[in-house]
>>> print(open('run03.csv').read())   # CSV, C-alpha atoms
chain,number,residue,atom,x,y,z
N,1,MET,CA,5.4,-90.0,2.1
N,2,SER,CA,2.2,-91.5,3.3
N,3,HIS,CA,-1.2,-90.8,1.7
N,4,HIS,CA,-2.2,-88.7,4.6
N,5,ASP,CA,1.0,-86.6,4.5
N,6,ALA,CA,0.4,-86.0,0.8
N,7,GLN,CA,-3.0,-84.5,1.5
N,8,LYS,CA,-1.6,-82.4,4.3
N,9,SER,CA,1.1,-81.2,1.9
N,10,ILE,CA,-1.5,-79.7,-0.6
N,11,LYS,CA,-1.8,-76.6,1.5
N,12,ILE,CA,2.0,-76.2,1.5
N,13,TYR,CA,2.1,-76.7,-2.2
N,14,LEU,CA,-0.5,-73.9,-2.7
N,15,PHE,CA,1.4,-71.7,-0.3
N,16,VAL,CA,4.7,-72.3,-2.3
N,17,PHE,CA,2.8,-71.6,-5.5
N,18,ALA,CA,1.5,-68.3,-4.2
N,19,SER,CA,5.0,-67.4,-2.9
N,20,LEU,CA,6.5,-68.1,-6.4
N,21,ILE,CA,4.0,-65.8,-8.1
N,22,VAL,CA,4.7,-63.1,-5.5
N,23,GLY,CA,8.4,-63.7,-6.0
N,24,THR,CA,8.1,-63.2,-9.7
N,25,ILE,CA,6.1,-60.0,-9.3
N,26,LEU,CA,8.8,-58.8,-6.7
N,27,THR,CA,11.6,-59.6,-9.2
N,28,VAL,CA,10.0,-57.5,-11.9
N,29,GLY,CA,9.0,-54.8,-9.4
N,30,ALA,CA,12.5,-54.5,-8.0
N,31,TRP,CA,13.9,-54.3,-11.6
N,32,LYS,CA,11.6,-51.4,-12.4
N,33,VAL,CA,12.9,-49.4,-9.4
N,34,HIS,CA,16.2,-47.8,-10.0
N,35,MET,CA,18.7,-49.2,-7.5
N,36,PRO,CA,21.7,-47.1,-6.5
N,37,THR,CA,24.2,-49.5,-8.0
N,38,VAL,CA,24.3,-52.4,-10.5
N,39,PHE,CA,25.6,-54.6,-7.7
N,40,ILE,CA,22.5,-54.1,-5.6
N,41,THR,CA,20.2,-54.7,-8.6
N,42,VAL,CA,22.0,-58.0,-9.3
N,43,LEU,CA,22.0,-58.9,-5.6
N,44,VAL,CA,18.3,-58.3,-5.1
N,45,ALA,CA,17.3,-60.3,-8.3
N,46,LEU,CA,19.6,-63.2,-7.4
N,47,VAL,CA,18.4,-63.3,-3.7
N,48,ILE,CA,14.7,-63.5,-4.8
N,49,ALA,CA,15.6,-66.1,-7.5
N,50,SER,CA,17.4,-68.2,-4.8
N,51,VAL,CA,14.5,-68.0,-2.4
N,52,LYS,CA,12.1,-69.1,-5.2
N,53,ALA,CA,14.5,-71.9,-6.2
N,54,SER,CA,14.7,-73.1,-2.6
N,55,LEU,CA,11.0,-73.2,-2.4
N,56,VAL,CA,10.8,-75.3,-5.5
N,57,ALA,CA,13.6,-77.6,-4.5
N,58,GLY,CA,12.5,-77.9,-0.8
N,59,TRP,CA,8.8,-78.5,-1.2
N,60,PHE,CA,7.9,-79.3,-4.8
N,61,MET,CA,10.9,-81.6,-5.1
N,62,HIS,CA,10.6,-82.7,-1.4
N,63,LEU,CA,14.2,-82.0,-0.6
N,64,ALA,CA,13.2,-80.6,2.8
N,65,SER,CA,12.6,-84.2,3.9
N,66,GLU,CA,14.5,-86.7,1.7
N,67,GLN,CA,16.8,-89.7,2.1
N,68,LYS,CA,20.4,-89.3,3.0
N,69,MET,CA,21.5,-90.7,-0.3
N,70,ILE,CA,20.0,-87.8,-2.2
N,71,TYR,CA,21.6,-85.3,0.1
N,72,ALA,CA,25.0,-87.0,-0.5
N,73,ILE,CA,24.6,-86.9,-4.3
N,74,LEU,CA,23.6,-83.2,-4.1
N,75,GLY,CA,26.4,-82.4,-1.8
N,76,PHE,CA,28.9,-83.6,-4.4
N,77,THR,CA,27.0,-81.7,-7.1
N,78,ALA,CA,27.0,-78.5,-5.1
N,79,PHE,CA,30.8,-78.8,-4.5
N,80,PHE,CA,31.6,-79.2,-8.2
N,81,PHE,CA,29.0,-76.6,-9.2
N,82,LEU,CA,30.5,-74.0,-6.9
N,83,GLY,CA,34.0,-75.0,-8.2
N,84,MET,CA,32.8,-74.5,-11.8
N,85,MET,CA,31.4,-71.1,-10.9
N,86,PHE,CA,34.2,-69.6,-8.8
N,87,LEU,CA,37.4,-71.2,-10.2
N,88,THR,CA,36.5,-69.8,-13.7
N,89,LEU,CA,35.9,-66.4,-12.1
N,90,TRP,CA,39.3,-66.4,-10.6
N,91,ALA,CA,40.6,-66.6,-14.2
N,92,MET,CA,39.4,-63.0,-14.5
N,93,THR,CA,42.0,-61.8,-12.0
N,94,ASP,CA,44.8,-62.0,-14.6
N,95,ALA,CA,42.8,-60.7,-17.5
N,96,PRO,CA,43.8,-57.3,-18.8
N,97,THR,CA,41.6,-54.5,-17.7
N,98,HIS,CA,39.4,-53.4,-20.5
N,99,ALA,CA,39.5,-49.9,-21.8
N,100,LEU,CA,37.1,-48.5,-24.4
N,101,PRO,CA,39.0,-47.6,-27.6
D,1,MET,CA,12.5,-111.0,-14.8
D,2,ASP,CA,11.0,-107.9,-13.3
D,3,ILE,CA,13.0,-104.7,-12.8
D,4,PRO,CA,13.8,-104.6,-9.0
D,5,TYR,CA,12.8,-101.8,-6.6
D,6,THR,CA,10.3,-100.0,-8.9
D,7,VAL,CA,8.0,-99.5,-5.9
D,8,LEU,CA,9.7,-100.6,-2.7
D,9,PRO,CA,12.8,-98.7,-1.5
D,10,ARG,CA,16.1,-100.5,-1.6
D,11,ARG,CA,17.4,-101.1,1.9
D,12,ASP,CA,20.9,-99.5,1.3
D,13,THR,CA,19.7,-96.3,-0.5
D,14,GLY,CA,16.3,-96.0,1.1
D,15,LEU,CA,14.9,-95.1,-2.3
D,16,TYR,CA,13.2,-96.9,-5.2
D,17,ASN,CA,15.6,-97.1,-8.1
D,18,ALA,CA,13.9,-94.7,-10.4
D,19,LYS,CA,14.1,-91.9,-7.8
D,20,LEU,CA,17.8,-92.5,-7.3
D,21,GLY,CA,18.2,-92.6,-11.1
D,22,ILE,CA,16.4,-89.3,-11.7
D,23,TRP,CA,18.5,-87.5,-8.9
D,24,LEU,CA,21.7,-88.7,-10.4
D,25,PHE,CA,20.5,-87.5,-13.8
D,26,LEU,CA,19.5,-84.1,-12.3
D,27,ALA,CA,22.9,-83.9,-10.7
D,28,SER,CA,24.4,-84.1,-14.2
D,29,GLU,CA,21.9,-81.6,-15.4
D,30,VAL,CA,23.0,-79.1,-12.7
D,31,MET,CA,26.5,-79.4,-14.1
D,32,LEU,CA,25.3,-79.0,-17.7
D,33,PHE,CA,23.3,-75.8,-17.0
D,34,GLY,CA,26.0,-74.8,-14.4
D,35,ALA,CA,28.6,-74.7,-17.2
D,36,LEU,CA,26.4,-72.4,-19.3
D,37,PHE,CA,25.6,-70.1,-16.3
D,38,SER,CA,29.4,-70.0,-15.6
D,39,SER,CA,30.0,-69.1,-19.3
D,40,TYR,CA,27.3,-66.4,-19.1
D,41,ILE,CA,29.0,-64.9,-16.0
D,42,LEU,CA,32.4,-64.9,-17.7
D,43,LEU,CA,31.1,-63.4,-20.9
D,44,ARG,CA,29.2,-60.8,-19.0
D,45,VAL,CA,32.0,-59.6,-16.7
D,46,GLY,CA,34.5,-59.9,-19.6
D,47,ALA,CA,32.4,-57.6,-21.8
D,48,TYR,CA,33.6,-54.0,-22.5
D,49,PRO,CA,32.0,-51.7,-20.0
D,50,GLY,CA,28.6,-50.7,-21.4
D,51,ALA,CA,28.7,-53.2,-24.2
D,52,TRP,CA,26.3,-55.7,-22.7
D,53,PRO,CA,22.9,-55.1,-24.2
D,54,HIS,CA,19.8,-54.4,-22.1
D,55,GLY,CA,16.2,-54.2,-23.1
D,56,ILE,CA,16.4,-56.5,-26.1
D,57,LEU,CA,13.8,-58.9,-24.7
D,58,ASN,CA,10.2,-58.2,-23.9
D,59,VAL,CA,9.9,-58.3,-20.1
D,60,PRO,CA,6.0,-58.6,-19.8
D,61,ILE,CA,6.1,-61.7,-22.1
D,62,GLY,CA,9.0,-63.2,-20.1
D,63,THR,CA,7.0,-62.6,-16.9
D,64,VAL,CA,3.9,-64.3,-18.3
D,65,ASN,CA,6.0,-67.3,-19.4
D,66,THR,CA,7.5,-67.5,-15.9
D,67,MET,CA,4.0,-67.6,-14.4
D,68,VAL,CA,3.0,-70.3,-16.9
D,69,LEU,CA,5.9,-72.4,-15.9
D,70,ILE,CA,5.1,-71.9,-12.2
D,71,CYS,CA,1.5,-72.9,-12.7
D,72,SER,CA,2.7,-76.1,-14.5
D,73,SER,CA,5.0,-76.9,-11.6
D,74,VAL,CA,2.2,-76.7,-9.0
D,75,THR,CA,-0.2,-78.8,-11.0
D,76,VAL,CA,2.4,-81.6,-11.4
D,77,VAL,CA,2.9,-81.8,-7.6
D,78,LEU,CA,-0.8,-81.6,-6.9
D,79,GLY,CA,-1.4,-84.3,-9.6
D,80,TRP,CA,1.0,-86.5,-7.8
D,81,ALA,CA,-0.7,-85.8,-4.5
D,82,ALA,CA,-4.0,-86.7,-6.1
D,83,LEU,CA,-2.6,-90.1,-7.2
D,84,LYS,CA,-1.3,-90.7,-3.6
D,85,ALA,CA,-4.9,-90.1,-2.5
D,86,ASN,CA,-6.1,-92.6,-5.1
D,87,ASN,CA,-7.9,-90.0,-7.1
D,88,PHE,CA,-6.9,-90.7,-10.7
D,89,ALA,CA,-9.5,-88.4,-12.3
D,90,ARG,CA,-8.2,-85.4,-10.4
D,91,TYR,CA,-4.6,-86.3,-11.4
D,92,ARG,CA,-5.8,-86.5,-15.1
D,93,LYS,CA,-7.3,-83.0,-14.9
D,94,LEU,CA,-4.3,-81.4,-13.1
D,95,GLN,CA,-1.7,-83.1,-15.3
D,96,ALA,CA,-3.7,-82.0,-18.4
D,97,ILE,CA,-3.2,-78.4,-17.2
D,98,THR,CA,0.5,-79.1,-16.8
D,99,ILE,CA,0.8,-80.3,-20.4
D,100,VAL,CA,-1.2,-77.3,-21.7
D,101,CYS,CA,1.0,-75.0,-19.8
D,102,SER,CA,4.1,-76.6,-21.2
D,103,MET,CA,2.7,-76.1,-24.7
D,104,MET,CA,1.9,-72.5,-23.9
D,105,PHE,CA,5.4,-71.9,-22.7
D,106,VAL,CA,6.9,-73.3,-25.9
D,107,CYS,CA,4.5,-71.3,-28.1
D,108,ILE,CA,5.4,-68.0,-26.2
D,109,LYS,CA,9.1,-68.8,-26.5
D,110,SER,CA,8.7,-69.5,-30.2
D,111,TYR,CA,7.0,-66.2,-30.6
D,112,GLU,CA,9.9,-64.5,-28.9
D,113,TYR,CA,12.4,-66.3,-31.1
D,114,TYR,CA,10.3,-65.3,-34.2
D,115,ASP,CA,10.4,-61.7,-33.0
D,116,LYS,CA,14.2,-61.8,-32.9
D,117,PHE,CA,14.6,-63.5,-36.2
D,118,THR,CA,12.5,-60.8,-37.9
D,119,HIS,CA,14.3,-58.0,-36.1
D,120,TYR,CA,17.0,-56.6,-38.3
D,121,GLU,CA,20.0,-54.3,-38.0
D,122,VAL,CA,20.8,-52.7,-41.3
D,123,VAL,CA,24.1,-50.7,-41.6
D,124,LEU,CA,24.0,-48.4,-44.6
D,125,LYS,CA,27.0,-47.5,-46.7
D,126,ASP,CA,26.7,-43.9,-45.5
D,127,GLY,CA,27.2,-45.1,-41.9
D,128,ARG,CA,23.6,-44.7,-40.7
D,129,VAL,CA,22.1,-47.7,-38.9
D,130,ILE,CA,18.5,-48.7,-39.2
D,131,ASP,CA,17.1,-51.0,-36.6
D,132,GLY,CA,13.7,-52.5,-36.8
D,133,HIS,CA,11.3,-55.3,-37.5
D,134,LEU,CA,11.0,-56.7,-41.0
D,135,ILE,CA,7.8,-55.8,-42.8
D,136,GLU,CA,8.7,-57.2,-46.2
D,137,LYS,CA,11.5,-58.2,-48.5
D,138,VAL,CA,10.8,-56.9,-52.0
D,139,GLY,CA,11.9,-59.0,-55.0
D,140,GLY,CA,14.9,-61.4,-55.1
D,141,GLY,CA,14.8,-64.8,-53.4
D,142,GLN,CA,15.2,-66.7,-56.7
D,143,MET,CA,18.0,-69.2,-57.1
D,144,VAL,CA,20.7,-68.5,-59.6
D,145,ASN,CA,23.4,-71.1,-60.0
D,146,GLY,CA,22.5,-72.5,-56.6
D,147,VAL,CA,22.8,-69.1,-54.9
D,148,ARG,CA,19.7,-67.3,-53.4
D,149,GLN,CA,19.5,-63.8,-54.7
D,150,HIS,CA,19.3,-60.8,-52.4
D,151,PRO,CA,16.0,-58.9,-52.3
D,152,GLU,CA,15.9,-55.6,-54.2
D,153,SER,CA,14.8,-53.7,-51.1
D,154,ILE,CA,13.9,-54.4,-47.5
D,155,ILE,CA,11.2,-52.6,-45.6
D,156,LEU,CA,11.6,-52.2,-41.8
D,157,HIS,CA,9.6,-50.6,-39.1
D,158,GLY,CA,12.1,-49.2,-36.7
D,159,VAL,CA,14.4,-46.3,-35.8
D,160,GLU,CA,17.4,-44.7,-37.4
D,161,PHE,CA,20.7,-44.0,-35.7
D,162,PRO,CA,22.7,-41.2,-37.4
D,163,ALA,CA,26.1,-41.8,-38.9
D,164,GLU,CA,27.8,-39.3,-36.5
D,165,MET,CA,27.0,-41.5,-33.6
D,166,LYS,CA,28.8,-44.4,-35.2
D,167,ALA,CA,31.7,-42.2,-36.4
D,168,ALA,CA,32.0,-40.8,-32.8
D,169,GLY,CA,32.8,-44.4,-31.7
D,170,MET,CA,29.6,-44.8,-29.7
D,171,ALA,CA,28.7,-48.4,-29.3
D,172,LYS,CA,25.3,-49.2,-30.6
D,173,VAL,CA,24.4,-50.9,-27.3
D,174,PRO,CA,23.8,-47.8,-25.2
D,175,LEU,CA,21.8,-46.4,-28.1
D,176,MET,CA,19.7,-49.6,-28.1
D,177,GLU,CA,18.9,-49.0,-24.4
D,178,ARG,CA,16.9,-46.0,-25.5
D,179,LEU,CA,14.7,-48.4,-27.3
D,180,ALA,CA,14.1,-50.4,-24.2
D,181,GLY,CA,11.1,-48.2,-23.5
D,182,GLU,CA,9.3,-50.1,-26.3
D,183,HIS,CA,9.7,-53.3,-24.4
D,184,GLY,CA,8.6,-51.9,-21.1
D,185,GLY,CA,12.1,-51.1,-20.0
D,186,HIS,CA,13.6,-47.9,-18.5
D,187,GLY,CA,14.4,-46.2,-21.8
D,188,SER,CA,12.5,-43.3,-23.2
D,189,HIS,CA,10.2,-43.8,-26.1
D,190,VAL,CA,11.8,-43.4,-29.5
D,191,GLU,CA,9.6,-42.7,-32.5
D,192,HIS,CA,9.4,-45.7,-34.9
D,193,LYS,CA,8.9,-45.2,-38.6
D,194,GLU,CA,8.7,-47.3,-41.7
D,195,TYR,CA,12.0,-47.4,-43.8
D,196,THR,CA,12.3,-48.7,-47.3
D,197,ILE,CA,15.9,-49.5,-47.9
D,198,ALA,CA,17.4,-50.4,-51.3
D,199,TRP,CA,19.7,-53.4,-51.0
D,200,SER,CA,22.4,-51.6,-53.0
D,201,ASP,CA,22.6,-49.0,-50.2
D,202,THR,CA,23.3,-51.5,-47.5
D,203,ALA,CA,26.7,-52.4,-46.1
D,204,ARG,CA,25.5,-55.1,-43.7
D,205,VAL,CA,22.1,-56.7,-43.1
D,206,GLN,CA,21.7,-58.9,-40.1
D,207,ASN,CA,18.9,-60.2,-38.0
D,208,TYR,CA,19.0,-60.6,-34.2
D,209,GLY,CA,19.8,-64.3,-34.4
D,210,PRO,CA,22.5,-65.9,-32.1
D,211,TRP,CA,25.2,-64.7,-34.5
D,212,HIS,CA,24.3,-61.0,-33.9
D,213,ASN,CA,26.2,-60.5,-30.6
D,214,THR,CA,27.5,-62.4,-27.6
D,215,TYR,CA,24.4,-61.7,-25.5
D,216,LEU,CA,22.1,-63.2,-28.1
D,217,ALA,CA,24.5,-66.2,-28.6
D,218,ILE,CA,24.3,-67.1,-24.9
D,219,TYR,CA,20.6,-66.2,-24.8
D,220,PHE,CA,19.7,-68.6,-27.6
D,221,THR,CA,22.0,-71.3,-26.3
D,222,MET,CA,20.6,-71.2,-22.7
D,223,THR,CA,16.9,-70.7,-23.6
D,224,GLY,CA,17.2,-73.2,-26.5
D,225,LEU,CA,18.6,-75.9,-24.3
D,226,HIS,CA,15.9,-75.1,-21.7
D,227,ALA,CA,13.1,-75.2,-24.3
D,228,LEU,CA,14.4,-78.7,-25.4
D,229,HIS,CA,14.0,-79.7,-21.8
D,230,VAL,CA,10.5,-78.3,-21.7
D,231,ILE,CA,9.6,-80.2,-24.8
D,232,GLY,CA,11.2,-83.4,-23.6
D,233,GLY,CA,9.5,-83.2,-20.2
D,234,ALA,CA,6.2,-82.5,-21.8
D,235,LEU,CA,6.5,-85.5,-24.1
D,236,VAL,CA,7.4,-87.8,-21.2
D,237,MET,CA,4.6,-86.5,-19.0
D,238,GLY,CA,2.2,-86.6,-22.0
D,239,TRP,CA,3.0,-90.3,-22.6
D,240,ILE,CA,2.6,-91.2,-18.9
D,241,TRP,CA,-0.7,-89.2,-18.9
D,242,GLY,CA,-2.0,-90.8,-22.0
D,243,PRO,CA,-0.9,-94.2,-23.4
D,244,GLY,CA,1.2,-95.0,-20.3
D,245,ALA,CA,-1.8,-94.6,-18.0
D,246,LYS,CA,-2.7,-98.3,-18.4
D,247,LEU,CA,-0.2,-99.0,-15.7
D,248,TRP,CA,-2.4,-97.3,-13.1
D,249,LYS,CA,-4.8,-100.3,-13.3
D,250,THR,CA,-2.2,-102.9,-12.9
D,251,ASP,CA,0.4,-101.3,-10.7
D,252,PRO,CA,-0.8,-98.0,-9.3
D,253,GLU,CA,2.1,-97.4,-6.9
D,254,ARG,CA,4.6,-97.9,-9.7
D,255,TYR,CA,2.6,-95.5,-11.9
D,256,THR,CA,2.5,-92.9,-9.1
D,257,ASN,CA,6.3,-93.2,-8.9
D,258,ARG,CA,6.6,-92.5,-12.6
D,259,VAL,CA,4.6,-89.4,-12.1
D,260,GLU,CA,6.8,-88.3,-9.2
D,261,VAL,CA,10.0,-88.9,-11.2
D,262,SER,CA,8.8,-87.0,-14.3
D,263,GLY,CA,7.6,-84.3,-11.9
D,264,LEU,CA,11.1,-84.0,-10.3
D,265,PHE,CA,12.5,-83.4,-13.8
D,266,TRP,CA,9.8,-80.8,-14.5
D,267,HIS,CA,10.5,-78.9,-11.3
D,268,PHE,CA,14.2,-78.8,-12.2
D,269,VAL,CA,13.2,-77.3,-15.6
D,270,ASP,CA,11.2,-74.7,-13.6
D,271,LEU,CA,14.1,-74.1,-11.3
D,272,VAL,CA,16.5,-73.4,-14.2
D,273,TRP,CA,14.0,-70.9,-15.6
D,274,ILE,CA,13.8,-69.1,-12.2
D,275,PHE,CA,17.4,-68.1,-12.8
D,276,LEU,CA,17.3,-67.7,-16.5
D,277,PHE,CA,14.5,-65.1,-16.4
D,278,PRO,CA,16.2,-62.5,-14.3
D,279,ILE,CA,19.7,-62.9,-15.8
D,280,LEU,CA,18.5,-62.7,-19.4
D,281,TYR,CA,15.5,-60.4,-19.2
D,282,LEU,CA,16.2,-58.1,-16.4
D,283,LEU,CA,19.9,-57.8,-15.4
>>> encode(input="run03.csv", output="structure tokens")
Amino acid sequence: MSHHDAQKSIKIYLFVFASLIVGTILTVGAWKVHMPTVFITVLVALVIASVKASLVAGWFMHLASEQKMIYAILGFTAFFFLGMMFLTLWAMTDAPTHALP
Amino acid sequence: MDIPYTVLPRRDTGLYNAKLGIWLFLASEVMLFGALFSSYILLRVGAYPGAWPHGILNVPIGTVNTMVLICSSVTVVLGWAALKANNFARYRKLQAITIVCSMMFVCIKSYEYYDKFTHYEVVLKDGRVIDGHLIEKVGGGQMVNGVRQHPESIILHGVEFPAEMKAAGMAKVPLMERLAGEHGGHGSHVEHKEYTIAWSDTARVQNYGPWHNTYLAIYFTMTGLHALHVIGGALVMGWIWGPGAKLWKTDPERYTNRVEVSGLFWHFVDLVWIFLFPILYLL
């Protein structure tokens, strides 16, 4: 990134900062409102968190415009990360269904 | 011999070496935290229905700490942009804010930990449960044959759950949700009183440390590891900001790259917290 680009980016950084603050307020606000199901509560919180994370990764960490090598590294990481998340969850399918005593 | 590619990008990677290094490191960090997030999900969906506690943590404090971390993240990237514009003084100011924010985060987190370690659940021999914050332990504490003696009594400020509730097989967790009101949660307000409990009347005395339940175990593990990252990141950025700043005079581009690389780590720490906050405090 050139010196000039870095200066142009300052406005973007401040915009991302404001969005992150608003996102945090929205997260807490959405939690205060009673959602119809737990699934929707979790979904809303995780969607907001994902948007905030994308803003941090994309602009603060400059992933929106990076070298191919970094995308390649992160591609592998994402693959194994998702594997770790979902393969373990499949283990739940043969778990006995809980019943309260 | 100088370390190669500290400033200029290598032709094959298109990156200076430290940047490639930090991204490889961050990839391993994603797997480290990913394993813990995966464990959290398994523990959570595997818990008995209604047994996962809510409202144990203080949401306003957690929100403030989230804001503090976001502020520190923007000052890092603005500081780096200042260096790119050759404005060292501005970088110094911005990065000082980052370091102060990191210390604020750790202080607030320490207060939250302290709050949990002084929060006790006392099960009495008659089945009643008293849950509250420690005011004082009276007597005891002396060492006899290498064993620390129990206090004679314990004074808590909290609430009492009647024995019938426990006898009826009601888990304590739903009852605790009623207390959530005290932490800005959904629960209704429950009157808190001061209880003086003789040690001889107690069947079990336990604070809200990681040993108390599964939720607190994963809470302390995840936030503890995260806090170590905050401390580590603050130390590195503090060194670059202070004693390491000599490099700016001799090799400003290399110095700017150091700031960028430490900043990438810092943003990652912020990114982890963005997920930790809702899953531990809110959901």
>>> residues_near_point(input="run03.csv", point="(11.5, -84.8, -15.7)", cutoff="10 Å", atoms="only C-alpha atoms", output="number ranges by chain")
D: 22, 25-26, 229-230, 232-237, 258-269
>>> closest_residue(input="run03.csv", among="D:Gly238, D:Gly50, D:Pro151, D:Gly55", to="D:Cys101", atoms="all atoms listed in the file")
D:Gly238
>>> closest_residue(input="run03.csv", among="N:Met35, N:Lys52, N:Ser65, N:Ala57", to="N:Ala18", atoms="all atoms listed in the file")
N:Lys52
>>> closest_residue(input="run03.csv", among="N:Ile12, N:Ile40, N:Leu82, N:Ala53", to="chain D", atoms="all atoms listed in the file")
N:Ala53
>>> closest_residue(input="run03.csv", among="D:Trp273, D:Tyr219, D:Tyr120, D:Tyr281", to="D:Arg204", atoms="all atoms listed in the file")
D:Tyr120
